[in-house]
>>> print(open('start_37.txt').read())   # compact mmCIF, C-alpha atoms and all ligand atoms
# COMPACT_ATOMS: atom_id res chain seq x y z
CA MET A 32 -59.12 -85.17 207.06
CA GLY A 33 -57.67 -86.61 203.86
CA GLU A 34 -58.08 -83.60 201.59
CA LEU A 35 -59.12 -79.97 201.23
CA ALA A 36 -62.92 -79.55 201.07
CA ALA A 37 -62.52 -76.56 198.72
CA ASP A 38 -66.18 -76.25 197.67
CA LYS A 39 -67.35 -76.31 201.31
CA HIS A 40 -64.93 -73.47 202.13
CA VAL A 41 -66.17 -71.41 199.16
CA LYS A 42 -69.79 -71.85 200.36
CA TYR A 43 -68.76 -70.93 203.93
CA ILE A 44 -66.97 -67.73 202.85
CA ILE A 45 -69.92 -66.64 200.70
CA SER A 46 -72.39 -67.37 203.53
CA VAL A 47 -70.40 -65.17 205.95
CA GLU A 48 -70.22 -62.37 203.37
CA LYS A 49 -74.04 -62.51 203.11
CA LYS A 50 -74.84 -62.82 206.84
CA LYS A 51 -74.44 -59.22 208.04
CA ASP A 52 -76.03 -59.67 211.48
CA SER A 53 -74.37 -62.87 212.70
CA PHE A 54 -72.35 -62.81 215.95
CA GLU A 55 -69.19 -63.20 213.94
CA SER A 56 -70.14 -60.30 211.67
CA VAL A 57 -70.93 -58.03 214.64
CA VAL A 58 -67.78 -58.98 216.58
CA MET A 59 -65.69 -58.40 213.49
CA GLU A 60 -67.66 -55.28 212.45
CA HIS A 61 -64.72 -52.93 213.03
CA LEU A 62 -62.47 -55.37 211.12
CA ARG A 63 -64.94 -55.86 208.25
CA LEU A 64 -62.55 -54.54 205.58
CA ASN A 65 -59.91 -56.99 206.83
CA GLY A 66 -62.61 -59.69 206.66
CA ALA A 67 -63.25 -58.79 203.02
CA TYR A 68 -59.54 -59.21 202.26
CA TRP A 69 -59.38 -62.60 204.05
CA GLY A 70 -62.56 -63.92 202.39
CA LEU A 71 -61.88 -62.66 198.86
CA THR A 72 -58.21 -63.72 198.81
CA THR A 73 -59.31 -67.22 199.91
CA LEU A 74 -61.82 -67.34 197.04
CA ASP A 75 -59.14 -66.21 194.57
CA ILE A 76 -56.63 -68.86 195.75
CA LEU A 77 -59.43 -71.43 195.26
CA GLY A 78 -60.11 -70.01 191.78
CA LYS A 79 -63.61 -68.78 192.72
CA LEU A 80 -63.29 -64.97 192.97
CA ASP A 81 -66.00 -64.71 190.30
CA ALA A 82 -68.51 -66.12 192.83
CA VAL A 83 -68.95 -62.61 194.31
CA ASP A 84 -70.43 -59.42 192.83
CA GLU A 85 -67.35 -57.29 192.14
CA GLU A 86 -69.33 -54.03 191.83
CA ASP A 87 -71.03 -54.55 195.22
CA VAL A 88 -67.71 -55.19 196.96
CA ILE A 89 -65.87 -52.28 195.33
CA SER A 90 -68.65 -49.74 195.96
CA TRP A 91 -68.76 -50.81 199.64
CA ILE A 92 -64.97 -50.51 199.99
CA LEU A 93 -64.97 -46.99 198.53
CA LYS A 94 -67.59 -46.01 201.16
CA CYS A 95 -64.95 -46.89 203.80
CA GLN A 96 -62.49 -44.29 202.48
CA ASP A 97 -61.99 -41.23 204.71
CA GLU A 98 -61.35 -37.73 203.32
CA SER A 99 -57.75 -38.15 204.59
CA GLY A 100 -57.26 -40.79 201.89
CA GLY A 101 -57.06 -43.61 204.45
CA PHE A 102 -59.62 -46.41 204.80
CA ALA A 103 -61.63 -47.40 207.89
CA GLY A 104 -62.55 -50.94 208.96
CA ASN A 105 -66.20 -50.19 208.15
CA ILE A 106 -68.31 -47.31 206.88
CA GLY A 107 -68.08 -44.31 209.21
CA HIS A 108 -65.24 -45.68 211.36
CA ASP A 109 -61.84 -43.99 211.75
CA PRO A 110 -59.14 -44.58 209.11
CA HIS A 111 -56.13 -46.76 209.98
CA VAL A 112 -53.25 -48.26 207.97
CA LEU A 113 -54.58 -51.77 208.81
CA TYR A 114 -57.69 -51.24 206.72
CA THR A 115 -55.99 -49.11 204.08
CA LEU A 116 -53.75 -52.06 203.12
CA SER A 117 -56.77 -54.41 203.02
CA ALA A 118 -58.63 -52.00 200.70
CA VAL A 119 -55.62 -51.73 198.35
CA GLN A 120 -55.13 -55.52 198.38
CA VAL A 121 -58.80 -56.20 197.55
CA LEU A 122 -58.78 -53.68 194.68
CA ALA A 123 -55.61 -55.37 193.39
CA LEU A 124 -57.43 -58.75 193.44
CA PHE A 125 -60.06 -57.28 191.11
CA ASP A 126 -57.41 -55.45 189.01
CA LYS A 127 -59.13 -52.16 189.95
CA LEU A 128 -56.24 -50.20 191.53
CA ASP A 129 -56.70 -47.54 188.86
CA ILE A 130 -59.96 -46.35 190.44
CA LEU A 131 -57.94 -45.11 193.43
CA ASP A 132 -56.28 -41.70 193.74
CA ALA A 133 -52.92 -43.39 194.48
CA ASP A 134 -51.32 -40.07 195.56
CA LYS A 135 -54.10 -39.37 198.08
CA VAL A 136 -53.93 -42.86 199.62
CA SER A 137 -50.12 -42.91 199.65
CA ASN A 138 -49.95 -39.41 201.18
CA TYR A 139 -52.11 -40.71 204.07
CA VAL A 140 -49.79 -43.69 204.66
CA ALA A 141 -46.53 -41.75 204.13
CA GLY A 142 -47.77 -39.07 206.53
CA LEU A 143 -47.64 -41.66 209.35
CA GLN A 144 -43.84 -42.16 209.17
CA ASN A 145 -42.02 -40.82 212.25
CA GLY A 146 -38.58 -39.16 212.44
CA ASP A 147 -36.93 -42.41 213.59
CA GLY A 148 -38.24 -44.21 210.49
CA SER A 149 -41.01 -46.05 212.37
CA PHE A 150 -44.71 -45.86 211.46
CA SER A 151 -47.78 -45.06 213.51
CA GLY A 152 -51.00 -46.95 212.73
CA ASP A 153 -53.18 -43.84 212.66
CA ILE A 154 -53.31 -40.25 213.94
CA TRP A 155 -53.34 -41.48 217.59
CA GLY A 156 -49.69 -42.44 217.13
CA GLU A 157 -49.30 -46.08 218.27
CA VAL A 158 -45.95 -47.33 216.88
CA ASP A 159 -45.43 -51.00 215.96
CA THR A 160 -43.44 -52.94 213.35
CA ARG A 161 -46.83 -54.24 212.10
CA PHE A 162 -47.38 -50.74 210.74
CA SER A 163 -43.93 -50.64 209.09
CA TYR A 164 -44.88 -53.75 207.08
CA ILE A 165 -48.34 -52.44 206.27
CA ALA A 166 -46.97 -49.06 205.09
CA ILE A 167 -44.17 -50.57 202.95
CA CYS A 168 -46.45 -53.25 201.44
CA CYS A 169 -49.23 -50.75 200.68
CA LEU A 170 -46.92 -48.12 199.16
CA SER A 171 -45.13 -50.78 197.12
CA ILE A 172 -48.42 -52.01 195.62
CA LEU A 173 -49.32 -48.36 194.84
CA GLN A 174 -45.77 -47.90 193.43
CA ARG A 175 -45.26 -44.88 195.69
CA LEU A 176 -42.36 -46.08 197.94
CA ASP A 177 -40.55 -42.88 196.92
CA LYS A 178 -42.90 -40.99 199.26
CA ILE A 179 -41.19 -42.37 202.38
CA ASN A 180 -37.64 -42.68 203.69
CA VAL A 181 -37.13 -46.39 203.03
CA ASP A 182 -33.61 -46.42 204.51
CA LYS A 183 -34.87 -44.98 207.81
CA ALA A 184 -37.78 -47.43 207.78
CA VAL A 185 -35.30 -50.31 207.35
CA GLU A 186 -33.04 -48.87 210.07
CA TYR A 187 -35.97 -48.81 212.53
CA ILE A 188 -36.98 -52.41 211.72
CA VAL A 189 -33.36 -53.57 212.22
CA SER A 190 -33.38 -51.78 215.61
CA CYS A 191 -36.16 -54.22 216.59
CA LYS A 192 -34.03 -57.33 215.86
CA ASN A 193 -33.37 -59.50 218.95
CA LEU A 194 -30.38 -61.68 219.94
CA ASP A 195 -32.45 -64.78 219.00
CA GLY A 196 -32.59 -63.52 215.41
CA GLY A 197 -36.28 -62.67 215.73
CA PHE A 198 -38.13 -59.35 215.83
CA GLY A 199 -40.55 -57.67 218.25
CA CYS A 200 -43.12 -54.89 217.91
CA THR A 201 -40.69 -52.18 219.12
CA PRO A 202 -36.96 -52.12 220.05
CA GLY A 203 -36.42 -54.66 222.86
CA GLY A 204 -39.84 -56.25 222.28
CA GLU A 205 -40.02 -60.05 222.61
CA SER A 206 -39.72 -62.09 219.37
CA HIS A 207 -43.15 -63.20 218.11
CA SER A 208 -43.96 -64.96 214.83
CA GLY A 209 -46.47 -62.30 213.77
CA GLN A 210 -43.96 -59.49 214.28
CA ILE A 211 -41.27 -61.58 212.54
CA PHE A 212 -43.51 -61.92 209.46
CA CYS A 213 -44.02 -58.14 209.44
CA CYS A 214 -40.30 -57.33 209.75
CA VAL A 215 -39.11 -60.00 207.28
CA GLY A 216 -41.88 -59.08 204.81
CA ALA A 217 -41.04 -55.38 205.01
CA LEU A 218 -37.30 -56.05 204.57
CA ALA A 219 -38.04 -58.39 201.63
CA ILE A 220 -40.13 -55.75 199.83
CA ALA A 221 -37.49 -53.08 200.62
CA GLY A 222 -34.73 -55.33 199.22
CA ALA A 223 -32.99 -55.36 202.61
CA LEU A 224 -33.09 -59.05 203.65
CA HIS A 225 -29.28 -58.99 204.09
CA HIS A 226 -30.01 -57.57 207.57
CA VAL A 227 -31.52 -60.93 208.61
CA ASP A 228 -29.35 -63.73 210.10
CA LYS A 229 -31.11 -66.46 208.09
CA ASP A 230 -29.63 -69.42 209.99
CA LEU A 231 -30.29 -67.93 213.44
CA LEU A 232 -33.85 -66.81 212.55
CA GLY A 233 -34.51 -69.97 210.52
CA TRP A 234 -33.64 -72.03 213.60
CA TRP A 235 -36.01 -69.99 215.83
CA LEU A 236 -38.80 -70.36 213.25
CA CYS A 237 -38.41 -74.10 212.58
CA GLU A 238 -38.54 -74.64 216.35
CA ARG A 239 -42.17 -73.40 216.14
CA GLN A 240 -43.21 -76.79 214.72
CA VAL A 241 -44.70 -79.03 217.44
CA LYS A 242 -45.12 -82.81 217.28
CA SER A 243 -48.66 -82.56 215.84
CA GLY A 244 -47.08 -80.85 212.81
CA GLY A 245 -48.69 -77.47 213.58
CA LEU A 246 -46.74 -74.25 214.14
CA ASN A 247 -46.97 -71.99 217.22
CA GLY A 248 -46.23 -68.29 217.62
CA ARG A 249 -43.74 -68.47 220.48
CA PRO A 250 -41.94 -71.22 222.44
CA GLU A 251 -44.21 -73.38 224.63
CA LYS A 252 -47.42 -72.05 222.99
CA LEU A 253 -50.12 -74.21 221.34
CA PRO A 254 -50.02 -74.64 217.54
CA ASP A 255 -52.47 -72.45 215.58
CA VAL A 256 -53.35 -72.55 211.87
CA CYS A 257 -52.72 -68.84 211.36
CA TYR A 258 -49.07 -69.41 212.28
CA SER A 259 -49.00 -71.64 209.18
CA TRP A 260 -48.80 -68.24 207.49
CA TRP A 261 -46.77 -66.06 209.90
CA VAL A 262 -43.99 -68.66 210.39
CA LEU A 263 -44.10 -70.39 206.99
CA SER A 264 -44.07 -67.24 204.84
CA SER A 265 -41.11 -65.96 206.90
CA LEU A 266 -39.22 -69.27 206.41
CA ILE A 267 -39.86 -69.10 202.66
CA MET A 268 -38.67 -65.48 202.43
CA ILE A 269 -35.35 -66.44 204.12
CA ASP A 270 -34.97 -69.71 202.15
CA ARG A 271 -35.16 -72.05 205.15
CA VAL A 272 -38.57 -73.72 204.56
CA HIS A 273 -36.85 -77.10 204.09
CA TRP A 274 -36.09 -77.04 207.84
CA ILE A 275 -39.68 -77.98 208.72
CA ASN A 276 -41.78 -81.08 207.95
CA LYS A 277 -44.16 -79.77 205.27
CA ASP A 278 -46.27 -82.96 205.06
CA LYS A 279 -47.04 -82.91 208.80
CA LEU A 280 -48.03 -79.21 208.57
CA VAL A 281 -50.38 -79.96 205.63
CA LYS A 282 -52.01 -82.69 207.74
CA PHE A 283 -52.42 -80.32 210.71
CA ILE A 284 -54.17 -77.70 208.56
CA LEU A 285 -56.46 -80.30 206.91
CA ASP A 286 -57.36 -81.62 210.40
CA CYS A 287 -58.67 -78.14 211.29
CA GLN A 288 -61.36 -78.15 208.60
CA ASP A 289 -65.09 -78.34 209.34
CA MET A 290 -65.92 -80.97 206.73
CA GLU A 291 -69.71 -80.45 207.23
CA ASN A 292 -70.19 -76.68 207.01
CA GLY A 293 -66.87 -75.57 205.59
CA GLY A 294 -64.32 -73.24 207.15
CA ILE A 295 -61.04 -73.84 209.00
CA SER A 296 -60.40 -73.27 212.75
CA ASP A 297 -57.27 -72.31 214.65
CA ARG A 298 -56.82 -75.90 215.88
CA PRO A 299 -58.72 -79.20 215.49
CA ASP A 300 -62.36 -79.18 216.75
CA ASP A 301 -62.46 -75.42 217.46
CA ALA A 302 -65.01 -73.05 215.85
CA VAL A 303 -64.12 -71.96 212.32
CA ASP A 304 -63.76 -68.32 211.25
CA VAL A 305 -62.90 -66.44 208.04
CA PHE A 306 -59.50 -65.38 209.44
CA HIS A 307 -58.27 -68.94 210.02
CA THR A 308 -59.92 -70.20 206.83
CA TYR A 309 -57.83 -67.67 204.91
CA PHE A 310 -54.54 -68.40 206.73
CA GLY A 311 -55.14 -72.15 206.40
CA VAL A 312 -55.74 -71.98 202.64
CA ALA A 313 -52.88 -69.45 202.20
CA GLY A 314 -50.60 -71.77 204.20
CA LEU A 315 -51.56 -74.72 201.96
CA SER A 316 -50.82 -72.52 198.95
CA LEU A 317 -47.34 -71.79 200.34
CA LEU A 318 -46.98 -75.59 200.78
CA GLU A 319 -47.86 -76.01 197.06
CA TYR A 320 -51.05 -78.00 197.82
CA PRO A 321 -52.49 -79.22 194.47
CA GLY A 322 -55.21 -77.10 192.82
CA LEU A 323 -54.43 -73.89 194.73
CA LYS A 324 -53.09 -70.71 193.12
CA PRO A 325 -49.61 -69.82 194.43
CA ILE A 326 -49.51 -66.90 196.88
CA ASP A 327 -46.66 -64.38 197.29
CA PRO A 328 -45.20 -64.73 200.84
CA ALA A 329 -44.32 -61.02 201.18
CA TYR A 330 -47.39 -59.35 199.57
CA ALA A 331 -49.90 -61.97 200.83
CA LEU A 332 -51.59 -61.84 197.41
CA PRO A 333 -51.80 -64.46 194.63
CA VAL A 334 -48.62 -64.41 192.51
CA ASP A 335 -50.58 -63.64 189.33
CA VAL A 336 -52.03 -60.54 191.06
CA VAL A 337 -48.54 -59.36 192.13
CA ASN A 338 -47.18 -59.94 188.61
CA ARG A 339 -50.10 -57.96 187.12
CA ILE A 340 -49.35 -55.00 189.44
CA PHE A 341 -45.66 -54.78 188.56
CA PHE A 342 -45.39 -56.17 185.05
CA SER A 343 -48.62 -55.25 183.29
CA LYS A 344 -48.41 -52.77 180.41
CA LYS A 345 -50.32 -49.60 181.30
C1 LIG B 1 -56.33 -58.58 215.46
N1 LIG B 1 -56.06 -59.98 215.17
C2 LIG B 1 -55.28 -60.68 216.06
O1 LIG B 1 -54.80 -60.13 217.02
C3 LIG B 1 -55.05 -62.17 215.88
C4 LIG B 1 -55.78 -62.92 216.99
C5 LIG B 1 -55.36 -64.36 216.93
C6 LIG B 1 -55.61 -65.21 215.90
N2 LIG B 1 -55.07 -66.39 216.27
C7 LIG B 1 -54.49 -66.23 217.46
N3 LIG B 1 -54.66 -64.98 217.89
N4 LIG B 1 -53.63 -62.39 216.03
C8 LIG B 1 -52.82 -62.18 214.98
O2 LIG B 1 -53.21 -61.83 213.87
O3 LIG B 1 -51.49 -62.41 215.30
C9 LIG B 1 -50.60 -62.36 214.22
C10 LIG B 1 -49.82 -61.12 214.30
C11 LIG B 1 -49.47 -60.58 215.53
C12 LIG B 1 -48.73 -59.43 215.55
C13 LIG B 1 -48.33 -58.83 214.37
C14 LIG B 1 -48.71 -59.37 213.15
C15 LIG B 1 -49.46 -60.53 213.13
C16 LIG B 1 -56.54 -60.55 213.91
C17 LIG B 1 -58.08 -60.58 213.86
C18 LIG B 1 -58.56 -61.62 214.79
C19 LIG B 1 -58.94 -61.25 216.09
C20 LIG B 1 -59.39 -62.25 216.97
C21 LIG B 1 -59.44 -63.61 216.56
C22 LIG B 1 -59.05 -63.95 215.24
C23 LIG B 1 -58.60 -62.95 214.37
C24 LIG B 1 -56.03 -59.65 212.80
O4 LIG B 1 -56.76 -58.81 212.28
N5 LIG B 1 -54.76 -59.83 212.45
C25 LIG B 1 -54.17 -58.94 211.44
C26 LIG B 1 -52.73 -58.65 211.85
C27 LIG B 1 -52.82 -57.97 213.15
C28 LIG B 1 -52.32 -58.58 214.27
C29 LIG B 1 -52.41 -57.97 215.50
C30 LIG B 1 -53.03 -56.71 215.56
O5 LIG B 1 -53.10 -56.08 216.77
C31 LIG B 1 -53.56 -56.09 214.45
C32 LIG B 1 -53.46 -56.75 213.24
C33 LIG B 1 -54.19 -59.62 210.08
O6 LIG B 1 -53.88 -60.78 210.01
N6 LIG B 1 -54.60 -58.86 209.07
O7 LIG B 1 -54.72 -59.43 207.84
ZN ZN B 2 -54.73 -68.00 215.00
>>> encode(input="start_37.txt", output="structure tokens", more="lines below")
Ligand SMILES: CN(C(=O)[C@H](Cc1cnc[nH]1)NC(=O)OCc1ccccc1)[C@@H](Cc1ccccc1)C(=O)N[C@@H](Cc1ccc(O)cc1)C(=O)NO
Ligand SMILES: [Zn+2]
Amino acid sequence: MGELAADKHVKYIISVEKKKDSFESVVMEHLRLNGAYWGLTTLDILGKLDAVDEEDVISWILKCQDESGGFAGNIGHDPHVLYTLSAVQVLALFDKLDILDADKVSNYVAGLQNGDGSFSGDIWGEVDTRFSYIAICCLSILQRLDKINVDKAVEYIVSCKNLDGGFGCTPGGESHSGQIFCCVGALAIAGALHHVDKDLLGWWLCERQVKSGGLNGRPEKLPDVCYSWWVLSSLIMIDRVHWINKDKLVKFILDCQDMENGGISDRPDDAVDVFHTYFGVAGLSLLEYPGLKPIDPAYALPVDVVNRIFFSKK
């Protein structure tokens, strides 16, 4: 697959957005707000965010907000930090953060911090370093990090660091590339990356590259396009991205495209989905593939969107 079939991927994303009753839409129904973030961020990286009706998307997202201030994965579902971050990220893409009651949303997220600094995902209390990242990223975008105890949050994440330099979902949890992204991303946003042993972790991460050029999530596992984000963004944040073969990774991602109908799959010849289309395009953006907008490895948003949040005159 010589090059990125950008226009095919734009058509694919838009077709999924439109098809409400497809198998994929039903299966992902509870994740629909995440799906909106994946699809719309892909369009923005490809320079085609204007291909969707902004008002339609924004009015639908606001219908997912719960009275608690948190957002649910779809209208009428229960709120969770997972979907609250996606809602905030999508509004940031459209430069519409000001329509939110930032205090209400941030009170919901801040209210999920536990005494030990960790975060629960929702009122049912499940604790996981995924939720630490989501809380810190969301509150940072809303410029409300002062509502939580950042030092305790950092302390908890560091308590999840393993002897191999990686991180797990809770203290003593096995190192996994997804959890590593969450912990490194949270530490990067909190300005606490000095807690990471960059050479030790960089070595564990670069070992994720297999001979096909793809990256896997743990030793001995198969490569998967979405790890082009979890592993690569972590390597970039700790300045060790030169330890992998970028050209071979680009080729692996391009080989996972459906050149006929658009979309990117987890590995060559598998079925495409919006999730892997996003992480493939985002991975290519991190690899500076020509014609793609650069994406911020910690915020998982286009760099121009991040700059607008923090440096725009209000
Ligand atoms: C819930 N989820 C996952 O568990 C995916 C499944 C998968 C995709 N490729 C291989 N497995 N796994 C995943 O996102 O793993 C990365 C990760 C693991 C732990 C922490 C953070 C990231 C995917 C959705 C999905 C389900 C099934 C097939 C494709 C996508 C997902 O929503 N991931 C979230 C992160 C996440 C990950 C795991 C969770 O339990 C919850 C959320 C995300 O990327 N948000 O932007
Ligand atoms: Zn995957």
>>> residues_near_ligand(input="start_37.txt", ligand="ligand ZN 2 (chain B)", cutoff="12 Å", atoms="only C-alpha atoms and all ligand atoms", output="PDB file with C-alpha atoms, in the coordinates of the input")
ATOM      1  CA  SER A 208     -43.960 -64.960 214.830  1.00  0.00           C
ATOM      2  CA  GLY A 209     -46.470 -62.300 213.770  1.00  0.00           C
ATOM      3  CA  GLY A 245     -48.690 -77.470 213.580  1.00  0.00           C
ATOM      4  CA  LEU A 246     -46.740 -74.250 214.140  1.00  0.00           C
ATOM      5  CA  ASN A 247     -46.970 -71.990 217.220  1.00  0.00           C
ATOM      6  CA  GLY A 248     -46.230 -68.290 217.620  1.00  0.00           C
ATOM      7  CA  LYS A 252     -47.420 -72.050 222.990  1.00  0.00           C
ATOM      8  CA  LEU A 253     -50.120 -74.210 221.340  1.00  0.00           C
ATOM      9  CA  PRO A 254     -50.020 -74.640 217.540  1.00  0.00           C
ATOM     10  CA  ASP A 255     -52.470 -72.450 215.580  1.00  0.00           C
ATOM     11  CA  VAL A 256     -53.350 -72.550 211.870  1.00  0.00           C
ATOM     12  CA  CYS A 257     -52.720 -68.840 211.360  1.00  0.00           C
ATOM     13  CA  TYR A 258     -49.070 -69.410 212.280  1.00  0.00           C
ATOM     14  CA  SER A 259     -49.000 -71.640 209.180  1.00  0.00           C
ATOM     15  CA  TRP A 260     -48.800 -68.240 207.490  1.00  0.00           C
ATOM     16  CA  TRP A 261     -46.770 -66.060 209.900  1.00  0.00           C
ATOM     17  CA  VAL A 262     -43.990 -68.660 210.390  1.00  0.00           C
ATOM     18  CA  ILE A 284     -54.170 -77.700 208.560  1.00  0.00           C
ATOM     19  CA  CYS A 287     -58.670 -78.140 211.290  1.00  0.00           C
ATOM     20  CA  ILE A 295     -61.040 -73.840 209.000  1.00  0.00           C
ATOM     21  CA  SER A 296     -60.400 -73.270 212.750  1.00  0.00           C
ATOM     22  CA  ASP A 297     -57.270 -72.310 214.650  1.00  0.00           C
ATOM     23  CA  ARG A 298     -56.820 -75.900 215.880  1.00  0.00           C
ATOM     24  CA  PRO A 299     -58.720 -79.200 215.490  1.00  0.00           C
ATOM     25  CA  ASP A 301     -62.460 -75.420 217.460  1.00  0.00           C
ATOM     26  CA  ALA A 302     -65.010 -73.050 215.850  1.00  0.00           C
ATOM     27  CA  VAL A 303     -64.120 -71.960 212.320  1.00  0.00           C
ATOM     28  CA  ASP A 304     -63.760 -68.320 211.250  1.00  0.00           C
ATOM     29  CA  VAL A 305     -62.900 -66.440 208.040  1.00  0.00           C
ATOM     30  CA  PHE A 306     -59.500 -65.380 209.440  1.00  0.00           C
ATOM     31  CA  HIS A 307     -58.270 -68.940 210.020  1.00  0.00           C
ATOM     32  CA  THR A 308     -59.920 -70.200 206.830  1.00  0.00           C
ATOM     33  CA  TYR A 309     -57.830 -67.670 204.910  1.00  0.00           C
ATOM     34  CA  PHE A 310     -54.540 -68.400 206.730  1.00  0.00           C
ATOM     35  CA  GLY A 311     -55.140 -72.150 206.400  1.00  0.00           C
TER      36      GLY A 311
END
>>> residues_around(input="start_37.txt", residues="region 148-160 of chain A", least_positions_apart="5", cutoff="12 Å", atoms="all atoms listed in the file", output="ChimeraX atom specification")
/A:99-103,109-116,139-143,165-167,179-192,198-204,206-207,209-218
>>> closest_residue(input="start_37.txt", among="A:Arg249, A:Asn292, A:Gly66, A:Ala219", to="Asp270 (chain A)", atoms="all atoms listed in the file")
A:Ala219
>>> closest_residue(input="start_37.txt", among="A:Lys127, A:Gly70, A:Leu62, A:Leu332", to="Ile89 (chain A)", atoms="all atoms listed in the file")
A:Lys127
>>> residues_around(input="start_37.txt", residues="region 71-76 of chain A", least_positions_apart="3", cutoff="7 Å", atoms="all atoms listed in the file", output="ChimeraX atom specification")
/A:41,67-68,79-80,309,312,323-324,333
>>> write_last_selection(input="start_37.txt", atoms="C-alpha atoms", output="compact mmCIF listing (two decimals), in the coordinates of the input")
# COMPACT_ATOMS: atom_id res chain seq x y z
CA VAL A 41 -66.17 -71.41 199.16
CA ALA A 67 -63.25 -58.79 203.02
CA TYR A 68 -59.54 -59.21 202.26
CA LYS A 79 -63.61 -68.78 192.72
CA LEU A 80 -63.29 -64.97 192.97
CA TYR A 309 -57.83 -67.67 204.91
CA VAL A 312 -55.74 -71.98 202.64
CA LEU A 323 -54.43 -73.89 194.73
CA LYS A 324 -53.09 -70.71 193.12
CA PRO A 333 -51.80 -64.46 194.63
>>> atom_distance(input="start_37.txt", atom1="CA of Ser90 (chain A)", atom2="CA of Leu128 (chain A)")
13.2 Å
>>> closest_residue(input="start_37.txt", among="A:Leu224, A:Gln96, A:Asp126, A:Asp81", to="Ser343 (chain A)", atoms="all atoms listed in the file")
A:Asp126
>>> residues_around(input="start_37.txt", residues="region 34-40 of chain A", least_positions_apart="2", cutoff="9 Å", atoms="all atoms listed in the file", output="JSON, numbers by chain")
{"A": [32, 42, 43, 44, 45, 73, 74, 77, 282, 285, 288, 289, 290, 291, 292, 293, 294, 295, 308, 312, 320]}
>>> residues_around(input="start_37.txt", residues="Cys95 (chain A)", least_positions_apart="5", cutoff="8 Å", atoms="all atoms listed in the file", output="PyMOL selection string")
chain A and resi 102-108
>>> closest_residue(input="start_37.txt", among="A:Asp195, A:Glu205, A:Asp230, A:Asp87", to="ligand LIG 1 (chain B)", atoms="only C-alpha atoms and all ligand atoms")
A:Glu205
>>> atom_distance(input="start_37.txt", atom1="CA of Arg239 (chain A)", atom2="CA of Cys168 (chain A)")
25.3 Å
>>> closest_residue(input="start_37.txt", among="A:Val47, A:Ile220, A:Leu176, A:Val272", to="Asp327 (chain A)", atoms="all atoms listed in the file")
A:Ile220
>>> closest_residue(input="start_37.txt", among="A:Lys50, A:Asp134, A:Ser265, A:Gly33", to="ligand LIG 1 (chain B)", atoms="all atoms listed in the file")
A:Ser265
>>> atom_distance(input="start_37.txt", atom1="CA of Asn65 (chain A)", atom2="atom N6 of ligand LIG 1 (chain B)")
6.1 Å
>>> residues_around(input="start_37.txt", residues="Ala123 (chain A)", least_positions_apart="5", cutoff="9 Å", atoms="all atoms listed in the file", output="PDB file with C-alpha atoms, keeping the file's coordinate frame")
ATOM      1  CA  ALA A 118     -58.630 -52.000 200.700  1.00  0.00           C
ATOM      2  CA  LEU A 128     -56.240 -50.200 191.530  1.00  0.00           C
ATOM      3  CA  ILE A 172     -48.420 -52.010 195.620  1.00  0.00           C
ATOM      4  CA  LEU A 332     -51.590 -61.840 197.410  1.00  0.00           C
ATOM      5  CA  VAL A 336     -52.030 -60.540 191.060  1.00  0.00           C
ATOM      6  CA  VAL A 337     -48.540 -59.360 192.130  1.00  0.00           C
ATOM      7  CA  ARG A 339     -50.100 -57.960 187.120  1.00  0.00           C
ATOM      8  CA  ILE A 340     -49.350 -55.000 189.440  1.00  0.00           C
TER       9      ILE A 340
END
